[in-house]
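**Q** Coordinates in input.txt, compact mmCIF, C-alpha atoms and all ligand atoms, are listed below.
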```txt
# COMPACT_ATOMS: atom_id res chain seq x y z
CA MET K 21 142.83 112.95 139.90
CA LYS K 22 145.01 110.80 142.15
CA CYS K 23 146.85 111.54 145.37
CA ARG K 24 150.59 111.99 144.78
CA VAL K 25 151.40 109.90 147.84
CA CYS K 26 148.93 106.99 147.96
CA ARG K 27 147.32 107.13 144.46
CA GLY K 28 143.89 107.18 146.16
CA PRO K 29 141.18 109.66 145.02
CA ALA K 30 142.45 113.23 145.42
CA VAL K 31 140.31 116.10 146.76
CA ILE K 32 142.61 119.02 145.94
CA ASP K 33 145.06 119.96 143.22
CA LEU K 34 147.99 122.23 144.04
CA ARG K 35 149.41 123.53 140.80
CA ARG K 36 152.17 125.39 142.62
CA HIS K 37 153.48 122.04 143.83
CA ASN K 38 152.41 120.12 140.74
CA ALA K 39 150.56 117.71 143.04
CA ASN K 40 147.14 116.39 144.05
CA PHE K 41 146.32 115.02 147.48
CA CYS K 42 143.72 112.87 149.24
CA PRO K 43 142.36 114.32 152.54
CA GLU K 44 144.84 112.45 154.74
CA HIS K 45 147.92 113.41 152.73
CA PHE K 46 146.73 116.98 152.21
CA VAL K 47 146.52 117.44 155.99
CA LYS K 48 150.00 115.97 156.29
CA PHE K 49 151.25 118.27 153.52
CA CYS K 50 149.94 121.36 155.39
CA ARG K 51 151.51 120.26 158.66
CA ASP K 52 154.83 119.48 156.93
CA GLN K 53 154.87 122.88 155.19
CA THR K 54 154.22 124.61 158.52
CA ALA K 55 156.95 122.59 160.25
CA LYS K 56 159.32 123.50 157.40
CA ALA K 57 158.55 127.23 157.75
CA ILE K 58 159.11 127.01 161.52
CA GLY K 59 162.40 125.15 161.05
CA ASP K 60 163.74 127.18 158.09
CA HIS K 61 163.17 130.49 159.89
CA ASP K 62 163.89 129.32 163.42
CA MET K 63 160.44 130.52 164.48
CA LEU K 64 159.80 128.40 167.57
CA GLN K 65 161.71 126.23 170.00
CA ARG K 66 160.18 123.02 171.32
CA ASP K 67 159.73 124.35 174.87
CA ASP K 68 158.46 127.83 173.93
CA ARG K 69 155.22 129.02 175.48
CA VAL K 70 153.23 130.11 172.47
CA LEU K 71 150.30 132.52 172.20
CA VAL K 72 148.23 132.28 169.01
CA ALA K 73 146.19 135.35 167.98
CA VAL K 74 142.86 133.85 166.91
CA SER K 75 140.20 135.71 164.97
CA GLY K 76 137.86 132.75 164.41
CA GLY K 77 138.76 132.75 160.69
CA LYS K 78 140.34 129.91 158.73
CA ASP K 79 143.99 130.93 159.01
CA SER K 80 144.25 131.48 162.74
CA LEU K 81 142.23 128.35 163.59
CA ALA K 82 144.31 126.32 161.14
CA VAL K 83 147.61 127.52 162.62
CA TRP K 84 146.39 126.86 166.18
CA ASP K 85 145.33 123.35 165.17
CA ILE K 86 148.58 122.63 163.34
CA LEU K 87 150.80 123.90 166.17
CA THR K 88 149.03 121.74 168.75
CA THR K 89 149.24 118.67 166.50
CA LEU K 90 152.95 119.38 165.99
CA GLY K 91 153.27 119.20 169.78
CA TYR K 92 153.62 122.85 170.74
CA VAL K 93 151.96 124.12 173.91
CA ALA K 94 149.84 126.96 172.54
CA ASP K 95 147.15 129.11 174.13
CA GLY K 96 144.81 131.33 172.10
CA LEU K 97 144.14 135.07 172.32
CA TYR K 98 140.92 136.56 170.99
CA VAL K 99 140.42 140.33 170.80
CA GLY K 100 136.81 141.56 170.81
CA LEU K 101 136.66 144.51 168.42
CA GLY K 102 133.01 145.50 168.92
CA ILE K 103 132.12 145.28 165.23
CA ALA K 104 128.38 144.64 164.99
CA GLY K 105 127.35 141.52 163.10
CA TYR K 106 130.93 140.26 162.94
CA SER K 107 132.64 140.23 166.32
CA ASP K 108 130.04 138.03 168.03
CA ALA K 109 130.27 135.41 165.28
CA SER K 110 134.07 135.47 165.27
CA ALA K 111 134.18 135.08 169.07
CA ASP K 112 131.78 132.12 168.84
CA ALA K 113 134.01 130.37 166.29
CA ALA K 114 137.15 130.91 168.41
CA ARG K 115 135.41 129.75 171.61
CA ALA K 116 133.88 126.67 169.99
CA PHE K 117 137.28 125.58 168.67
CA ALA K 118 138.96 126.08 172.07
CA THR K 119 136.19 124.25 173.93
CA THR K 120 136.10 121.20 171.67
CA ARG K 121 139.88 120.81 171.92
CA ASN K 122 140.20 121.73 175.56
CA LEU K 123 142.55 124.61 174.79
CA LYS K 124 142.93 127.82 176.78
CA LEU K 125 141.52 130.95 175.12
CA ILE K 126 142.32 134.36 176.60
CA GLU K 127 139.72 136.98 175.69
CA VAL K 128 140.25 140.74 175.71
CA ASP K 129 137.32 142.96 174.80
CA LEU K 130 138.29 146.46 173.62
CA VAL K 131 135.10 148.04 175.04
CA ASP K 132 135.38 146.37 178.46
CA THR K 133 139.13 146.97 178.77
CA TYR K 134 139.80 150.23 176.97
CA GLY K 135 136.33 151.79 176.63
CA TYR K 136 136.15 151.96 172.83
CA ASP K 137 135.23 149.78 169.88
CA ILE K 138 136.72 149.92 166.38
CA PRO K 139 133.87 151.83 164.67
CA THR K 140 133.90 154.68 167.25
CA GLY K 141 137.64 154.52 168.01
CA SER K 142 138.63 154.83 164.37
CA LYS K 143 136.35 157.87 163.92
CA ALA K 144 137.72 159.55 167.05
CA ALA K 145 141.31 158.91 165.91
CA LYS K 146 140.46 159.95 162.31
CA ARG K 147 141.96 156.71 161.05
CA ALA K 148 140.64 154.12 158.62
CA PRO K 149 138.96 151.30 160.61
CA CYS K 150 141.53 148.70 159.53
CA SER K 151 144.39 150.93 160.59
CA ALA K 152 142.89 151.63 164.04
CA CYS K 153 142.04 147.95 164.31
CA GLY K 154 145.57 146.82 163.39
CA MET K 155 147.12 149.18 165.95
CA SER K 156 144.70 148.11 168.69
CA LYS K 157 145.26 144.43 168.01
CA ARG K 158 149.04 144.79 167.98
CA HIS K 159 148.90 146.58 171.33
CA VAL K 160 146.76 143.84 172.90
CA PHE K 161 148.96 141.09 171.40
CA ASP K 162 152.12 142.66 172.88
CA GLU K 163 150.53 143.34 176.25
CA GLN K 164 149.03 139.87 176.67
CA ALA K 165 152.22 138.13 175.56
CA ARG K 166 154.22 140.21 178.06
CA VAL K 167 151.80 139.79 180.99
CA GLY K 168 151.39 136.07 180.34
CA GLY K 169 155.14 135.47 179.94
CA TYR K 170 154.79 133.96 176.45
CA ASP K 171 157.91 133.46 174.31
CA ALA K 172 156.25 133.96 170.95
CA LEU K 173 153.13 135.47 169.45
CA VAL K 174 151.79 133.62 166.40
CA THR K 175 149.51 135.09 163.74
CA GLY K 176 147.72 133.35 160.88
CA HIS K 177 149.19 135.42 158.04
CA ASN K 178 149.40 133.19 154.97
CA LEU K 179 151.27 133.31 151.66
CA ASP K 180 148.55 135.39 149.96
CA ASP K 181 148.64 137.93 152.81
CA GLU K 182 152.40 138.24 152.62
CA ALA K 183 152.40 138.50 148.82
CA ALA K 184 149.75 141.26 148.95
CA VAL K 185 151.69 143.23 151.57
CA LEU K 186 154.90 142.86 149.56
CA PHE K 187 153.09 143.95 146.37
CA GLY K 188 151.64 147.04 148.09
CA ASN K 189 154.94 148.03 149.66
CA VAL K 190 156.76 147.64 146.34
CA LEU K 191 154.12 149.65 144.44
CA ARG K 192 154.38 152.50 146.95
CA TRP K 193 158.12 151.88 147.49
CA GLN K 194 157.83 151.79 151.27
CA THR K 195 161.42 150.86 152.04
CA PRO K 196 161.11 150.83 155.87
CA TYR K 197 158.09 148.50 155.61
CA LEU K 198 159.88 146.34 153.04
CA GLY K 199 162.73 145.94 155.50
CA ARG K 200 160.41 144.86 158.27
CA GLN K 201 158.28 142.32 156.40
CA ARG K 202 159.79 139.12 157.72
CA PRO K 203 158.49 135.72 158.81
CA VAL K 204 160.01 136.36 162.25
CA LEU K 205 160.30 139.59 164.21
CA HIS K 206 162.69 139.06 167.06
CA ALA K 207 161.82 139.92 170.65
CA GLY K 208 163.07 143.17 172.10
CA ASP K 209 162.15 146.21 174.19
CA GLY K 210 159.40 144.30 175.98
CA PHE K 211 157.88 143.08 172.70
CA PRO K 212 157.47 139.34 172.12
CA ARG K 213 158.94 137.45 169.17
CA LYS K 214 156.30 137.47 166.39
CA VAL K 215 156.06 134.62 163.93
CA LYS K 216 154.00 133.64 160.91
CA PRO K 217 154.12 129.84 160.53
CA LEU K 218 151.64 129.74 157.60
CA ILE K 219 153.78 131.68 155.12
CA ARG K 220 154.23 128.58 152.93
CA LEU K 221 150.44 127.98 152.58
CA GLY K 222 148.04 129.94 150.38
CA GLU K 223 144.55 131.00 151.35
CA ARG K 224 142.89 128.23 149.37
CA GLU K 225 145.04 125.72 151.22
CA THR K 226 144.25 126.98 154.73
CA ALA K 227 140.52 127.00 153.88
CA ALA K 228 140.76 123.45 152.52
CA TYR K 229 142.74 122.37 155.60
CA CYS K 230 139.88 123.55 157.84
CA VAL K 231 137.22 121.85 155.72
CA VAL K 232 139.11 118.56 155.57
CA SER K 233 139.92 118.68 159.31
CA GLY K 234 136.35 119.54 160.34
CA ILE K 235 137.27 122.96 161.74
CA ASP K 236 134.26 125.30 161.84
CA TYR K 237 135.55 128.75 160.97
CA LEU K 238 133.86 132.06 160.33
CA VAL K 239 133.68 132.44 156.56
CA ASP K 240 132.51 136.08 156.51
CA GLU K 241 135.13 138.77 156.13
CA CYS K 242 135.09 141.81 158.41
CA PRO K 243 132.49 144.29 157.02
CA MET K 244 134.76 147.25 157.83
CA ALA K 245 137.57 145.90 155.65
CA GLU K 246 135.49 146.25 152.50
CA GLY K 247 137.29 148.30 149.86
CA ASN K 248 140.60 148.40 151.74
CA ARG K 249 143.86 148.42 149.84
CA HIS K 250 145.13 145.09 151.14
CA LEU K 251 142.08 143.26 149.75
CA ALA K 252 142.43 145.07 146.42
CA TYR K 253 146.09 143.98 146.15
CA LYS K 254 145.09 140.41 146.96
CA GLU K 255 142.42 140.43 144.27
CA ALA K 256 144.84 141.89 141.74
CA LEU K 257 147.35 139.11 142.45
CA THR K 258 144.66 136.44 142.32
CA ASP K 259 143.51 137.74 138.91
P1 LIG K 301 144.08 140.50 159.79
O1 LIG K 301 144.81 141.62 160.45
O2 LIG K 301 142.59 140.54 160.00
O3 LIG K 301 144.51 140.21 158.41
O4 LIG K 301 144.52 139.20 160.62
C1 LIG K 301 145.84 138.78 160.66
C2 LIG K 301 146.03 137.87 161.84
O5 LIG K 301 145.79 138.61 163.04
C3 LIG K 301 145.07 136.70 161.91
O6 LIG K 301 145.52 135.60 161.17
C4 LIG K 301 145.05 136.40 163.39
O7 LIG K 301 146.19 135.66 163.76
C5 LIG K 301 145.16 137.79 164.00
N1 LIG K 301 143.82 138.37 164.33
C6 LIG K 301 142.98 139.02 163.51
N2 LIG K 301 141.87 139.42 164.16
C7 LIG K 301 142.02 139.01 165.45
C8 LIG K 301 141.22 139.12 166.64
N3 LIG K 301 140.04 139.74 166.63
N4 LIG K 301 141.69 138.57 167.78
C9 LIG K 301 142.90 137.95 167.80
N5 LIG K 301 143.68 137.83 166.72
C10 LIG K 301 143.26 138.35 165.55
FE1 LIG K 302 139.86 145.00 161.84
FE2 LIG K 302 137.89 144.57 160.43
S1 LIG K 302 138.99 143.12 161.55
S2 LIG K 302 138.70 146.48 160.82
ZN ZN K 303 146.88 110.03 149.77
```
Could you render the structure as structure tokens?

**A**
Amino acid sequence: MKCRVCRGPAVIDLRRHNANFCPEHFVKFCRDQTAKAIGDHDMLQRDDRVLVAVSGGKDSLAVWDILTTLGYVADGLYVGLGIAGYSDASADAARAFATTRNLKLIEVDLVDTYGYDIPTGSKAAKRAPCSACGMSKRHVFDEQARVGGYDALVTGHNLDDEAAVLFGNVLRWQTPYLGRQRPVLHAGDGFPRKVKPLIRLGERETAAYCVVSGIDYLVDECPMAEGNRHLAYKEALTD
């Protein structure tokens, strides 16, 4: 297996692109794909102040890394969800990344700030944990972007995430959701612009990007997400 660019030994094959890459050219490929998504969809301007929502997982650390190497000024935002056995490890991964790269990480803990964590909050609201979690995170993202005067809020949603959401919304024919699923949500009514620069990269690619770039990410998935519909749609598509 040879790298498409330099013919050196390849470490990954990307059937979707009919290409193999060595570590150096794979990293370049991921950065180029991200730059293309940003350019094609007019996601970010060069002088934007960017806030990256970071969970400590592969996607959000990869997008933070790529944006800084592309020259964007980007701070991180970590939301502590109070999920035992998961939140501490995810915070550690986000902090370690920020420290080693001298990047600013804003931390908001749901218990300290709002007096609830996801396990108890979701029960009180009679919502599934992931739904309460998604709402809480979106609120904190909006609030921190507004207070901090950021132009755009970046999340690490990748191609597999977007395909699974599209699949679910088509199966249940959720037309309002279908209309809103875009790579860019424009700013308005006090909400920041929201962008997803990794929509051209699949999950396997963002994981490989982290491994090849020496980014230590939290591999474990959230224990409360087990059995949720989004993961089932993803598995169905992967099969
Ligand atoms: P999820 O909703 O877990 O699929 O995550 C989607 C995106 O939301 C991730 O790629 C991150 O950008 C962001 N995110 C998830 N969890 C957190 C968190 N605890 N703190 C900050 N951002 C998060
Ligand atoms: Fe939100 Fe698990 S990360 S419920
Ligand atoms: Zn190469």

**Q** Could you produce a table of the residues of chain K lying within 6 Å of ligand LIG 301 (chain K), with the nearest pair of atoms per residue and their separation in Å rounded to one decimal, using only C-alpha atoms and all ligand atoms, ordered by chain and increasing residue number, as CSV?

**A**
```
residue,atom,partner,partner_atom,distance
K:Ala73,CA,K:LIG301,N5,3.7
K:Val74,CA,K:LIG301,N5,4.1
K:Ser75,CA,K:LIG301,C7,3.8
K:Asp79,CA,K:LIG301,O6,5.4
K:Ser80,CA,K:LIG301,O6,4.6
K:Leu97,CA,K:LIG301,C9,5.5
K:Tyr98,CA,K:LIG301,N4,3.9
K:Val99,CA,K:LIG301,N4,3.7
K:Gly100,CA,K:LIG301,N3,5.6
K:Thr175,CA,K:LIG301,O7,3.4
K:Gly176,CA,K:LIG301,O6,3.2
K:His177,CA,K:LIG301,O6,4.8
```

**Q** Would you pick out the contacts of Gly141 (chain K) at 12 Å or less, using all atoms listed in the file, so that residues sharing its chain but fewer than 3 positions from it are not included, and give the list as a list in words?

**A** Leu101, Gly102, Ile103, Leu130, Val131, Tyr134, Gly135, Tyr136, Asp137, Ile138, Ala144, Ala145, Lys146, Arg147, Ala148, Pro149, Cys150, Ser151, Ala152, Cys153, Gly154, Met155 and Ser156 of chain K

**Q** Generate a file of the selected residues that holds C-alpha atoms, formatted as a PDB file, keeping the file's coordinate frame.

**A**
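again_12.pdb, written as the output of this step:
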```
ATOM      1  CA  LEU K 101     136.660 144.510 168.420  1.00  0.00           C
ATOM      2  CA  GLY K 102     133.010 145.500 168.920  1.00  0.00           C
ATOM      3  CA  ILE K 103     132.120 145.280 165.230  1.00  0.00           C
ATOM      4  CA  LEU K 130     138.290 146.460 173.620  1.00  0.00           C
ATOM      5  CA  VAL K 131     135.100 148.040 175.040  1.00  0.00           C
ATOM      6  CA  TYR K 134     139.800 150.230 176.970  1.00  0.00           C
ATOM      7  CA  GLY K 135     136.330 151.790 176.630  1.00  0.00           C
ATOM      8  CA  TYR K 136     136.150 151.960 172.830  1.00  0.00           C
ATOM      9  CA  ASP K 137     135.230 149.780 169.880  1.00  0.00           C
ATOM     10  CA  ILE K 138     136.720 149.920 166.380  1.00  0.00           C
ATOM     11  CA  ALA K 144     137.720 159.550 167.050  1.00  0.00           C
ATOM     12  CA  ALA K 145     141.310 158.910 165.910  1.00  0.00           C
ATOM     13  CA  LYS K 146     140.460 159.950 162.310  1.00  0.00           C
ATOM     14  CA  ARG K 147     141.960 156.710 161.050  1.00  0.00           C
ATOM     15  CA  ALA K 148     140.640 154.120 158.620  1.00  0.00           C
ATOM     16  CA  PRO K 149     138.960 151.300 160.610  1.00  0.00           C
ATOM     17  CA  CYS K 150     141.530 148.700 159.530  1.00  0.00           C
ATOM     18  CA  SER K 151     144.390 150.930 160.590  1.00  0.00           C
ATOM     19  CA  ALA K 152     142.890 151.630 164.040  1.00  0.00           C
ATOM     20  CA  CYS K 153     142.040 147.950 164.310  1.00  0.00           C
ATOM     21  CA  GLY K 154     145.570 146.820 163.390  1.00  0.00           C
ATOM     22  CA  MET K 155     147.120 149.180 165.950  1.00  0.00           C
ATOM     23  CA  SER K 156     144.700 148.110 168.690  1.00  0.00           C
TER      24      SER K 156
END
```

**Q** Once you count only C-alpha atoms and all ligand atoms, what closest atom pair and distance in Å to one decimal does each residue of chain K within 9 Å of ligand ZN 303 (chain K) have, with rows by chain and rising residue number, as CSV?

**A**
```
residue,atom,partner,partner_atom,distance
K:Lys22,CA,K:ZN303,ZN,7.9
K:Cys23,CA,K:ZN303,ZN,4.7
K:Arg24,CA,K:ZN303,ZN,6.5
K:Val25,CA,K:ZN303,ZN,4.9
K:Cys26,CA,K:ZN303,ZN,4.1
K:Arg27,CA,K:ZN303,ZN,6.1
K:Gly28,CA,K:ZN303,ZN,5.5
K:Pro29,CA,K:ZN303,ZN,7.4
K:Ala30,CA,K:ZN303,ZN,7.0
K:Asn40,CA,K:ZN303,ZN,8.6
K:Phe41,CA,K:ZN303,ZN,5.5
K:Cys42,CA,K:ZN303,ZN,4.3
K:Pro43,CA,K:ZN303,ZN,6.8
K:Glu44,CA,K:ZN303,ZN,5.9
K:His45,CA,K:ZN303,ZN,4.6
K:Phe46,CA,K:ZN303,ZN,7.4
```

**Q** Taking (153.4, 135.5, 174.1) in the file's coordinates as the center, which residues reach within 12 Å of it, counting only C-alpha atoms, put as a ChimeraX atom specification?

**A** /K:64,68-73,93-97,126,158,160-175,207,210-215

**Q** Give me, please, the distance in Å between CA of Ala82 (chain K) and CA of Ala227 (chain K), quoted to one decimal.

**A**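 So the two atoms, CA of Ala82 (chain K) and CA of Ala227 (chain K), lie 8.2 Å apart.
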
**Q** Report as a VMD selection string all protein, DNA and RNA residues lying within 10 Å of Gly91 (chain K), evaluated on only C-alpha atoms, omitting residues in the same chain fewer than 3 positions from it.

**A** chain K and resid 66 to 67 86 to 88 94

**Q** Would you mind exporting the chosen residues as a PDB file, in the coordinates of the input, restricted to C-alpha atoms?

**A**
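Okay, result29.pdb is ready:
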```pdb
ATOM      1  CA  ARG K  66     160.180 123.020 171.320  1.00  0.00           C
ATOM      2  CA  ASP K  67     159.730 124.350 174.870  1.00  0.00           C
ATOM      3  CA  ILE K  86     148.580 122.630 163.340  1.00  0.00           C
ATOM      4  CA  LEU K  87     150.800 123.900 166.170  1.00  0.00           C
ATOM      5  CA  THR K  88     149.030 121.740 168.750  1.00  0.00           C
ATOM      6  CA  ALA K  94     149.840 126.960 172.540  1.00  0.00           C
TER       7      ALA K  94
END
```

**Q** Padding 6 Å on every side, please: axis-aligned box over the listed atoms of ligand LIG 302 (chain K), centre and edge lengths to one decimal in Å, as AutoDock Vina command-line options.

**A**
```
--center_x 138.9 --center_y 144.8 --center_z 161.1 --size_x 14.0 --size_y 15.4 --size_z 13.4
```

**Q** In Å, how far is it from CA of Leu123 (chain K) to CA of Trp84 (chain K)?

**A**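 CA of Trp84 (chain K) lies at a distance of 9.7 Å from CA of Leu123 (chain K).
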
**Q** I'd like the interatomic distance between CA of Leu81 (chain K) and CA of His206 (chain K), to a tenth of an Å.

**A** 23.4 Å

**Q** Nearest residue to ligand LIG 302 (chain K) out of K:Gly247, K:Gly59, K:Pro139, K:Gly199, using only C-alpha atoms and all ligand atoms?

**A**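 Checking each of K:Gly247, K:Gly59, K:Pro139, K:Gly199 against ligand LIG 302 (chain K), counting only C-alpha atoms and all ligand atoms, the winner is K:Pro139.
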
**Q** Would you save region 98-120 of chain K to a file, keeping N, CA and C atoms, as a short mmCIF file (atom, residue, chain, number, x, y, z; two decimals), in the first residue's frame?

**A**
```cif
data_model
loop_
_atom_site.label_atom_id
_atom_site.label_comp_id
_atom_site.auth_asym_id
_atom_site.auth_seq_id
_atom_site.Cartn_x
_atom_site.Cartn_y
_atom_site.Cartn_z
N TYR K 98 -15.32 23.67 27.49
CA TYR K 98 -15.67 22.34 27.99
C TYR K 98 -16.84 22.46 28.96
N VAL K 99 -17.86 21.62 28.79
CA VAL K 99 -19.00 21.62 29.70
C VAL K 99 -18.96 20.37 30.57
N GLY K 100 -18.85 20.57 31.89
CA GLY K 100 -18.85 19.44 32.83
C GLY K 100 -20.28 18.98 33.06
N LEU K 101 -20.55 17.71 32.71
CA LEU K 101 -21.93 17.21 32.73
C LEU K 101 -22.25 16.42 34.00
N GLY K 102 -21.24 16.14 34.80
CA GLY K 102 -21.46 15.41 36.06
C GLY K 102 -21.83 13.96 35.86
N ILE K 103 -21.29 13.33 34.81
CA ILE K 103 -21.59 11.92 34.55
C ILE K 103 -20.44 11.09 35.12
N ALA K 104 -20.76 10.32 36.17
CA ALA K 104 -19.72 9.59 36.91
C ALA K 104 -18.95 8.65 35.98
N GLY K 105 -17.64 8.61 36.16
CA GLY K 105 -16.81 7.69 35.40
C GLY K 105 -16.57 8.13 33.96
N TYR K 106 -17.12 9.28 33.57
CA TYR K 106 -16.95 9.74 32.20
C TYR K 106 -16.50 11.19 32.17
N SER K 107 -17.22 12.02 32.93
CA SER K 107 -16.94 13.47 32.84
C SER K 107 -15.52 13.81 33.30
N ASP K 108 -15.05 13.16 34.37
CA ASP K 108 -13.70 13.49 34.85
C ASP K 108 -12.66 13.17 33.78
N ALA K 109 -12.82 11.99 33.16
CA ALA K 109 -11.85 11.59 32.13
C ALA K 109 -11.93 12.50 30.91
N SER K 110 -13.14 12.93 30.55
CA SER K 110 -13.24 13.79 29.37
C SER K 110 -12.65 15.17 29.66
N ALA K 111 -12.86 15.68 30.90
CA ALA K 111 -12.27 16.96 31.27
C ALA K 111 -10.74 16.86 31.24
N ASP K 112 -10.20 15.76 31.74
CA ASP K 112 -8.74 15.59 31.75
C ASP K 112 -8.17 15.65 30.33
N ALA K 113 -8.85 14.98 29.39
CA ALA K 113 -8.35 14.95 28.01
C ALA K 113 -8.38 16.36 27.41
N ALA K 114 -9.48 17.09 27.66
CA ALA K 114 -9.60 18.46 27.11
C ALA K 114 -8.53 19.37 27.73
N ARG K 115 -8.35 19.26 29.05
CA ARG K 115 -7.36 20.12 29.74
C ARG K 115 -5.95 19.81 29.27
N ALA K 116 -5.63 18.52 29.15
CA ALA K 116 -4.27 18.13 28.77
C ALA K 116 -3.95 18.69 27.38
N PHE K 117 -4.91 18.61 26.46
CA PHE K 117 -4.69 19.13 25.11
C PHE K 117 -4.43 20.64 25.15
N ALA K 118 -5.28 21.36 25.91
CA ALA K 118 -5.16 22.82 25.99
C ALA K 118 -3.80 23.20 26.61
N THR K 119 -3.42 22.50 27.66
CA THR K 119 -2.17 22.84 28.35
C THR K 119 -0.97 22.63 27.45
N THR K 120 -0.92 21.46 26.78
CA THR K 120 0.27 21.18 25.97
C THR K 120 0.39 22.15 24.79
#
```
